[in-house]
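Next up, model_24.cif (mmCIF, C-alpha atoms):
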data_start
#
loop_
_atom_site.label_atom_id
_atom_site.label_comp_id
_atom_site.auth_asym_id
_atom_site.auth_seq_id
_atom_site.Cartn_x
_atom_site.Cartn_y
_atom_site.Cartn_z
CA MET P 1 91.11 101.94 107.67
CA LEU P 2 94.79 102.70 108.00
CA SER P 3 97.36 99.92 108.11
CA LYS P 4 99.85 99.29 110.90
CA ASN P 5 102.50 100.93 108.70
CA ASN P 6 100.84 104.27 109.50
CA LYS P 7 101.17 103.91 113.27
CA TRP P 8 104.24 106.14 113.57
CA LEU P 9 102.68 108.85 111.40
CA LEU P 10 99.61 108.88 113.64
CA LEU P 11 101.84 108.93 116.71
CA VAL P 12 103.73 112.00 115.48
CA LEU P 13 100.56 113.87 114.48
CA LEU P 14 98.92 113.18 117.83
CA SER P 15 102.05 114.24 119.68
CA LEU P 16 102.09 117.59 117.88
CA ILE P 17 98.36 118.17 118.39
CA TRP P 18 98.12 117.10 122.02
CA GLY P 19 101.48 118.59 122.93
CA SER P 20 100.09 121.95 121.83
CA SER P 21 96.95 121.52 123.95
CA PHE P 22 98.58 122.69 127.17
CA ILE P 23 99.59 126.09 125.85
CA LEU P 24 96.06 126.50 124.47
CA ILE P 25 94.64 125.69 127.91
CA LYS P 26 97.01 128.27 129.39
CA ARG P 27 95.73 130.89 126.95
CA GLY P 28 92.13 129.87 127.61
CA LEU P 29 92.51 130.31 131.37
CA VAL P 30 93.35 133.99 130.86
CA GLY P 31 89.66 134.81 130.42
CA LEU P 32 87.86 131.64 131.51
CA ASN P 33 87.60 129.64 134.70
CA PRO P 34 88.40 125.87 134.54
CA PHE P 35 84.75 124.80 134.39
CA GLN P 36 83.92 127.21 131.57
CA LEU P 37 87.03 126.11 129.71
CA GLY P 38 86.30 122.39 130.06
CA ALA P 39 82.68 122.81 129.04
CA LEU P 40 83.54 124.94 125.99
CA ARG P 41 86.16 122.42 124.93
CA ILE P 42 83.54 119.67 124.91
CA ILE P 43 80.92 121.84 123.17
CA PHE P 44 83.23 122.93 120.35
CA ALA P 45 84.46 119.38 119.88
CA CYS P 46 80.86 118.16 119.74
CA LEU P 47 79.82 120.77 117.16
CA PHE P 48 82.76 119.81 114.98
CA MET P 49 82.11 116.07 115.34
CA VAL P 50 78.41 116.43 114.52
CA ILE P 51 79.37 118.15 111.25
CA VAL P 52 81.92 115.55 110.19
CA GLY P 53 80.58 112.41 111.82
CA PHE P 54 76.83 112.54 112.30
CA LYS P 55 76.23 109.95 109.57
CA SER P 56 78.42 107.49 111.48
CA ILE P 57 76.14 107.44 114.53
CA PRO P 58 73.74 104.75 113.19
CA LYS P 59 76.79 102.47 112.82
CA ILE P 60 77.05 102.17 116.60
CA PRO P 61 75.11 99.06 117.72
CA LEU P 62 72.47 99.89 120.32
CA TYR P 63 73.98 97.57 122.94
CA LYS P 64 77.34 99.35 122.65
CA TRP P 65 76.07 102.79 123.59
CA LYS P 66 76.73 102.01 127.25
CA TYR P 67 80.42 101.63 126.39
CA VAL P 68 80.34 104.83 124.36
CA ALA P 69 78.90 106.64 127.39
CA ILE P 70 81.51 105.17 129.75
CA THR P 71 84.42 106.02 127.43
CA SER P 72 83.04 109.53 126.98
CA LEU P 73 83.31 110.04 130.74
CA PHE P 74 86.84 108.70 131.18
CA GLY P 75 88.25 109.74 127.81
CA ASN P 76 86.97 113.32 127.74
CA GLY P 77 84.39 114.24 130.38
CA LEU P 78 86.60 114.10 133.46
CA PRO P 79 90.05 114.83 131.99
CA VAL P 80 89.14 118.13 130.29
CA PHE P 81 88.11 119.60 133.64
CA LEU P 82 90.97 118.01 135.58
CA PHE P 83 93.57 119.42 133.21
CA ALA P 84 91.93 122.84 133.13
CA TYR P 85 91.83 123.10 136.92
CA ALA P 86 95.35 121.67 137.26
CA GLN P 87 96.83 124.41 135.08
CA THR P 88 95.62 127.06 137.49
CA GLY P 89 98.44 125.84 139.75
CA ILE P 90 101.11 124.31 137.50
CA LYS P 91 102.87 125.35 134.30
CA SER P 92 101.67 124.11 130.91
CA SER P 93 104.95 122.27 130.37
CA VAL P 94 104.67 120.52 133.77
CA SER P 95 101.15 119.43 132.86
CA GLY P 96 102.45 117.98 129.60
CA ILE P 97 105.23 116.19 131.47
CA LEU P 98 102.91 114.59 134.02
CA ASN P 99 100.68 113.42 131.19
CA SER P 100 103.41 110.88 130.43
CA LEU P 101 102.19 108.74 133.32
CA THR P 102 99.42 107.41 131.04
CA PRO P 103 101.36 104.43 129.58
CA LEU P 104 102.26 103.20 133.04
CA TYR P 105 98.64 103.12 134.14
CA THR P 106 97.58 101.70 130.77
CA LEU P 107 99.88 98.74 131.33
CA LEU P 108 98.84 98.24 134.96
CA ILE P 109 95.10 98.52 134.30
CA GLY P 110 95.38 96.37 131.17
CA VAL P 111 97.16 93.59 133.04
CA LEU P 112 95.19 93.75 136.30
CA ALA P 113 91.67 94.44 135.00
CA PHE P 114 91.60 93.35 131.36
CA GLY P 115 93.93 90.35 131.30
CA LEU P 116 96.29 91.81 128.72
CA GLY P 117 99.59 90.05 128.20
CA PHE P 118 102.93 91.79 128.30
CA VAL P 119 106.59 91.08 127.76
CA ARG P 120 109.57 92.17 129.82
CA ASN P 121 110.76 94.86 127.43
CA GLN P 122 107.34 96.57 127.56
CA VAL P 123 107.56 96.87 131.33
CA PHE P 124 111.14 98.10 131.08
CA GLY P 125 110.16 100.63 128.42
CA VAL P 126 107.30 102.01 130.50
CA VAL P 127 109.51 102.26 133.60
CA LEU P 128 112.25 103.92 131.57
CA GLY P 129 109.77 106.43 130.16
CA LEU P 130 108.44 107.15 133.62
CA THR P 131 111.99 107.68 134.88
CA GLY P 132 112.53 110.26 132.15
CA CYS P 133 109.29 111.91 133.20
CA LEU P 134 110.50 112.13 136.81
CA LEU P 135 113.78 113.67 135.65
CA LEU P 136 111.84 116.31 133.76
CA VAL P 137 109.67 117.13 136.77
CA PHE P 138 112.48 117.14 139.34
CA PHE P 139 114.97 119.19 137.37
CA GLY P 140 112.25 121.43 135.99
CA LYS P 141 111.19 122.75 139.39
CA SER P 142 114.02 125.23 139.67
CA ALA P 143 113.36 126.51 136.17
CA THR P 144 109.57 126.77 136.30
CA GLY P 145 108.95 127.52 139.96
CA GLU P 146 107.36 125.50 142.75
CA THR P 147 104.81 122.91 141.73
CA ASP P 148 101.34 122.88 143.29
CA TYR P 149 101.17 119.20 144.18
CA PHE P 150 97.38 119.09 144.50
CA CYS P 151 97.10 120.38 140.94
CA ALA P 152 99.79 117.95 139.84
CA PHE P 153 97.79 115.11 141.43
CA LEU P 154 94.76 116.13 139.36
CA VAL P 155 96.82 115.44 136.23
CA VAL P 156 97.71 112.03 137.66
CA ILE P 157 93.99 111.27 138.09
CA ALA P 158 93.39 112.40 134.51
CA THR P 159 96.07 110.01 133.24
CA MET P 160 94.36 107.16 135.11
CA CYS P 161 91.14 108.09 133.32
CA TYR P 162 92.93 108.02 129.96
CA ALA P 163 94.49 104.65 130.77
CA LEU P 164 91.14 103.11 131.67
CA ASN P 165 89.57 104.62 128.56
CA VAL P 166 92.12 103.20 126.15
CA ASN P 167 91.67 99.69 127.57
CA LEU P 168 87.88 99.97 127.42
CA ILE P 169 87.98 101.02 123.76
CA LYS P 170 90.32 98.20 122.81
CA LYS P 171 88.18 95.59 124.59
CA TYR P 172 84.64 96.76 123.83
CA LEU P 173 84.72 99.15 120.86
CA SER P 174 87.49 97.84 118.62
CA ASP P 175 84.95 96.96 115.92
CA VAL P 176 83.33 100.42 115.90
CA SER P 177 84.74 103.14 113.64
CA PRO P 178 86.84 105.83 115.36
CA LEU P 179 84.63 108.52 113.82
CA ALA P 180 81.49 106.95 115.29
CA ILE P 181 83.08 106.53 118.73
CA THR P 182 84.28 110.12 118.85
CA THR P 183 80.98 111.58 117.65
CA GLY P 184 79.03 109.41 120.07
CA ASN P 185 81.30 110.41 122.94
CA PHE P 186 80.75 114.12 122.50
CA LEU P 187 77.02 113.86 121.81
CA THR P 188 76.76 112.06 125.15
CA LEU P 189 78.61 114.91 126.88
CA LEU P 190 76.91 117.86 125.15
CA ILE P 191 73.97 118.45 127.51
CA PRO P 192 76.05 118.13 130.71
CA ALA P 193 78.65 120.50 129.22
CA LEU P 194 76.02 123.13 128.38
CA ILE P 195 74.64 122.93 131.91
CA ILE P 196 78.12 123.31 133.44
CA LEU P 197 78.99 126.21 131.13
CA PHE P 198 76.00 128.39 131.92
CA ALA P 199 75.85 127.35 135.58
CA ASN P 200 79.33 128.88 135.88
CA GLY P 201 78.33 132.32 134.62
CA TYR P 202 79.57 132.21 131.04
CA ALA P 203 76.51 134.10 129.77
CA GLU P 204 77.39 137.08 131.96
CA VAL P 205 80.96 137.43 130.70
CA MET P 206 80.87 136.03 127.15
CA THR P 207 80.96 139.46 125.47
CA GLN P 208 84.08 140.64 127.29
CA PRO P 209 87.10 140.96 124.91
CA GLU P 210 89.33 138.83 127.14
CA VAL P 211 86.72 136.08 127.31
CA ILE P 212 86.16 136.16 123.55
CA HIS P 213 89.90 135.86 122.97
CA SER P 214 90.18 132.90 125.33
CA THR P 215 87.11 131.28 123.80
CA LEU P 216 88.75 131.35 120.37
CA PHE P 217 91.76 129.46 121.74
CA ILE P 218 89.43 126.84 123.22
CA MET P 219 87.55 126.56 119.92
CA VAL P 220 90.83 125.53 118.28
CA LEU P 221 91.53 123.18 121.19
CA GLY P 222 88.06 121.64 121.00
CA MET P 223 87.91 121.11 117.26
CA ILE P 224 91.49 120.09 116.54
CA GLY P 225 93.04 119.16 119.87
CA THR P 226 89.99 117.19 120.97
CA GLY P 227 87.77 116.30 117.99
CA ILE P 228 90.31 115.43 115.29
CA ALA P 229 92.82 114.12 117.82
CA ASN P 230 90.32 111.65 119.28
CA ILE P 231 89.56 110.21 115.82
CA LEU P 232 93.27 109.72 115.19
CA TYR P 233 93.80 108.26 118.66
CA TYR P 234 91.00 105.70 118.41
CA GLN P 235 92.31 104.75 114.98
CA LEU P 236 95.75 104.21 116.50
CA ILE P 237 94.30 102.02 119.27
CA GLN P 238 92.53 99.84 116.73
CA ILE P 239 95.57 99.24 114.48
CA THR P 240 98.09 98.74 117.29
CA SER P 241 97.66 98.13 121.03
CA PRO P 242 96.55 100.15 124.07
CA LEU P 243 100.15 100.42 125.29
CA PHE P 244 101.52 101.67 121.97
CA ALA P 245 98.62 104.11 121.54
CA SER P 246 99.11 105.54 125.02
CA SER P 247 102.84 105.95 124.36
CA VAL P 248 101.95 109.09 122.41
CA THR P 249 102.12 110.74 125.82
CA TYR P 250 105.88 110.18 125.89
CA PHE P 251 106.33 112.67 123.06
CA ILE P 252 103.82 115.19 124.37
CA PRO P 253 106.20 116.71 126.98
CA ILE P 254 108.71 117.58 124.28
CA VAL P 255 106.12 119.50 122.29
CA ALA P 256 104.62 121.04 125.44
CA MET P 257 108.01 122.22 126.69
CA SER P 258 108.88 123.62 123.28
CA TRP P 259 105.78 125.78 123.46
CA GLY P 260 106.72 126.64 127.02
CA MET P 261 110.15 127.85 125.88
CA LEU P 262 108.51 130.09 123.31
CA ASP P 263 106.30 131.40 126.10
CA GLY P 264 109.23 132.22 128.36
CA GLU P 265 109.64 128.94 130.25
CA SER P 266 113.25 127.76 130.48
CA LEU P 267 114.61 124.34 129.54
CA ASN P 268 117.80 123.01 131.15
CA PHE P 269 120.21 120.24 130.23
CA MET P 270 118.72 117.66 132.58
CA GLN P 271 115.27 118.26 131.13
CA LEU P 272 116.68 117.52 127.69
CA ALA P 273 118.27 114.38 129.10
CA GLY P 274 114.92 113.36 130.55
CA ALA P 275 113.29 113.85 127.16
CA GLY P 276 115.90 111.54 125.65
CA VAL P 277 115.14 108.88 128.26
CA ILE P 278 111.44 109.18 127.45
CA LEU P 279 112.07 108.65 123.74
CA SER P 280 114.16 105.58 124.55
CA GLY P 281 111.35 104.25 126.70
CA VAL P 282 108.68 104.57 124.03
CA TYR P 283 110.92 102.81 121.51
CA ILE P 284 111.56 99.89 123.84
CA ALA P 285 107.93 99.65 125.02
CA SER P 286 106.63 99.50 121.45
CA LYS P 287 108.83 96.53 120.51
CA LYS P 288 107.30 93.08 120.79
#

Rewritten as structure tokens:
Amino acid sequence: MLSKNNKWLLLVLLSLIWGSSFILIKRGLVGLNPFQLGALRIIFACLFMVIVGFKSIPKIPLYKWKYVAITSLFGNGLPVFLFAYAQTGIKSSVSGILNSLTPLYTLLIGVLAFGLGFVRNQVFGVVLGLTGCLLLVFFGKSATGETDYFCAFLVVIATMCYALNVNLIKKYLSDVSPLAITTGNFLTLLIPALIILFANGYAEVMTQPEVIHSTLFIMVLGMIGTGIANILYYQLIQITSPLFASSVTYFIPIVAMSWGMLDGESLNFMQLAGAGVILSGVYIASKK
């Protein structure tokens, strides 16, 4: 068990891993459709977690498996497909930017549905971070092209799923090891993912060079960007708070846009200013 002194280290690692996820999704969509991509992401994450965490499964109390199943749906099952489909209509950097809505919904859901307390500076920090996110979206349109608002809305739904998930874990699974939660989550999703994968014609195209190439990108995304990242994330939730843990999404746009720049997406001054506002927001929101 890590101490609270490690919270910033975990935050940085998660930001780098998850911020890189959007460019990997972009590469995966070259040869895969969104349903194939989402299913493969879950399958690779599951295979990895079974190898590293199978012995942790008996540590999950029987009565808590219902919470493991629910968190698997909101933490991974729905979002992986929502993000994959969303990036058929929006840029990877825009997807990373919109992901920053998560702390706002984490605070709202925590207060309204879970009775979590909050202080004024946390609200101000979340609002400030959201303002920076809006700056990034608004001033990024001219640089990255028109945004498909339906696809953008899918990312918003995914962030709501993440926000609900983080509150559920904190309330019902805080005494279960992050390794056990993550392994249990993906074992729960494995059969549905296999059905979705082969129902969407993966068997017919899996030997094509373009599909193989894309599959390799999703293997990296599944094992590192999903499997390892979820262990780190659940650890962060347990040693801090849902709001602080979800604030990792404030840093994700910076990493996502950096990858976007390397991939030919431009970054203007106002986007940099928005990133600075986001960083200010996460600092303020994390202070008690």

Can you list what the PyMOL selection byres ((chain P and resi 102-112) around 9) grabs from this structure, as a PDB file with C-alpha atoms, keeping the file's coordinate frame?
ATOM      1  CA  LEU P  98     102.910 114.590 134.020  1.00  0.00           C
ATOM      2  CA  ASN P  99     100.680 113.420 131.190  1.00  0.00           C
ATOM      3  CA  SER P 100     103.410 110.880 130.430  1.00  0.00           C
ATOM      4  CA  LEU P 101     102.190 108.740 133.320  1.00  0.00           C
ATOM      5  CA  ALA P 113      91.670  94.440 135.000  1.00  0.00           C
ATOM      6  CA  PHE P 114      91.600  93.350 131.360  1.00  0.00           C
ATOM      7  CA  GLY P 115      93.930  90.350 131.300  1.00  0.00           C
ATOM      8  CA  LEU P 116      96.290  91.810 128.720  1.00  0.00           C
ATOM      9  CA  GLY P 117      99.590  90.050 128.200  1.00  0.00           C
ATOM     10  CA  PHE P 118     102.930  91.790 128.300  1.00  0.00           C
ATOM     11  CA  GLN P 122     107.340  96.570 127.560  1.00  0.00           C
ATOM     12  CA  VAL P 123     107.560  96.870 131.330  1.00  0.00           C
ATOM     13  CA  VAL P 126     107.300 102.010 130.500  1.00  0.00           C
ATOM     14  CA  VAL P 127     109.510 102.260 133.600  1.00  0.00           C
ATOM     15  CA  GLY P 129     109.770 106.430 130.160  1.00  0.00           C
ATOM     16  CA  LEU P 130     108.440 107.150 133.620  1.00  0.00           C
ATOM     17  CA  VAL P 156      97.710 112.030 137.660  1.00  0.00           C
ATOM     18  CA  ALA P 158      93.390 112.400 134.510  1.00  0.00           C
ATOM     19  CA  THR P 159      96.070 110.010 133.240  1.00  0.00           C
ATOM     20  CA  MET P 160      94.360 107.160 135.110  1.00  0.00           C
ATOM     21  CA  CYS P 161      91.140 108.090 133.320  1.00  0.00           C
ATOM     22  CA  TYR P 162      92.930 108.020 129.960  1.00  0.00           C
ATOM     23  CA  ALA P 163      94.490 104.650 130.770  1.00  0.00           C
ATOM     24  CA  LEU P 164      91.140 103.110 131.670  1.00  0.00           C
ATOM     25  CA  ASN P 165      89.570 104.620 128.560  1.00  0.00           C
ATOM     26  CA  VAL P 166      92.120 103.200 126.150  1.00  0.00           C
ATOM     27  CA  ASN P 167      91.670  99.690 127.570  1.00  0.00           C
ATOM     28  CA  PRO P 242      96.550 100.150 124.070  1.00  0.00           C
ATOM     29  CA  LEU P 243     100.150 100.420 125.290  1.00  0.00           C
ATOM     30  CA  PHE P 244     101.520 101.670 121.970  1.00  0.00           C
ATOM     31  CA  ALA P 245      98.620 104.110 121.540  1.00  0.00           C
ATOM     32  CA  SER P 246      99.110 105.540 125.020  1.00  0.00           C
ATOM     33  CA  SER P 247     102.840 105.950 124.360  1.00  0.00           C
ATOM     34  CA  VAL P 248     101.950 109.090 122.410  1.00  0.00           C
ATOM     35  CA  THR P 249     102.120 110.740 125.820  1.00  0.00           C
ATOM     36  CA  TYR P 250     105.880 110.180 125.890  1.00  0.00           C
TER      37      TYR P 250
END

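Between atom CA of P:Gly89 and atom CA of P:Ala152 the separation is 8.0 Å.
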
**Fill in**
The residue from P:Gln208, P:Asn6, P:Thr183, P:Ser93 with the smallest atom-to-atom distance to P:Asn76, counting only C-alpha atoms, is P:Thr183

**Request:** Determine the residue set returned by the PyMOL selection byres ((chain P and resi 277) around 8) for the present structure, and present it as a PyMOL selection string.
**Result:** chain P and resi 128-129+131-132+273-276+278-281

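Atom CA of P:Val205 lies 28.2 Å from atom CA of P:Ser72.
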
**Asked** Of the residues P:Phe44, P:Phe35, P:Phe186, P:Phe198, which is the one nearest to P:Phe74, using only C-alpha atoms?
**Response** P:Phe186

**Asked** Do you know which residues the PyMOL selection byres ((chain P and resi 178) around 6) returns on this file, as a list in words?
**Response**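 Applying the expression gives Ser177, Leu179, Ala180, Ile181, Ile231, Tyr234 and Gln235 of chain P.
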
**Prompt:** Hey, can you pull every residue with an atom no more than 9 Å from (99.5, 118.8, 121.7), using all atoms listed in the file, and send it as a list of chain:residue names?
**Reply:**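 It turns out the residues near that spot are P:Leu13, P:Leu14, P:Ser15, P:Leu16, P:Ile17, P:Trp18, P:Gly19, P:Ser20, P:Ser21, P:Phe22, P:Ile23, P:Leu24, P:Gly96, P:Gly225, P:Ile252, P:Pro253, P:Val255, P:Ala256.
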
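Here atom CA of P:Asn33 is placed at a distance of 13.5 Å from atom CA of P:His213.
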
Return as JSON the box centre and box size in Å, one decimal, for an axis-aligned box around all listed atoms of stretch 163-179 of chain P padded by 3 Å per side.
{"center_x": 88.9, "center_y": 102.1, "center_z": 122.7, "size_x": 17.2, "size_y": 18.9, "size_z": 24.0}

**Asked** For P:Lys66, which of P:Tyr172, P:Phe217, P:Tyr85, P:Phe138 is the closest residue, counting all atoms listed in the file?
**Response** P:Tyr172

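Closest approach to P:Thr215 among P:Leu9, P:Leu73, P:Leu40, P:Leu262 is made by P:Leu40 (distances from only C-alpha atoms).
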
**Request:** Measuring atom to atom with all atoms listed in the file, identify which of P:Ser95, P:Thr188, P:Thr240, P:Gln36 is nearest to P:Val68.
**Result:**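 Closest residue, counting all atoms listed in the file: P:Thr188.
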
**Prompt:** Which one is closest to P:Ile25: P:Leu272, P:Leu168, P:Ile218, P:Ile195? Count all atoms listed in the file.
**Reply:** P:Ile218

**Item:** Test item: residues at most 9 Å from P:Lys26, only C-alpha atoms, excluding those fewer than 5 positions along its chain, as number ranges by chain
**Value:** P: 21, 84, 87-88, 91-92

**Item:** Spatial neighbours of P:Leu62, max dist 12 Å, all atoms listed in the file, sep filter under 6 positions, as a PyMOL selection string
**Value:** chain P and resi 68-69+176+184
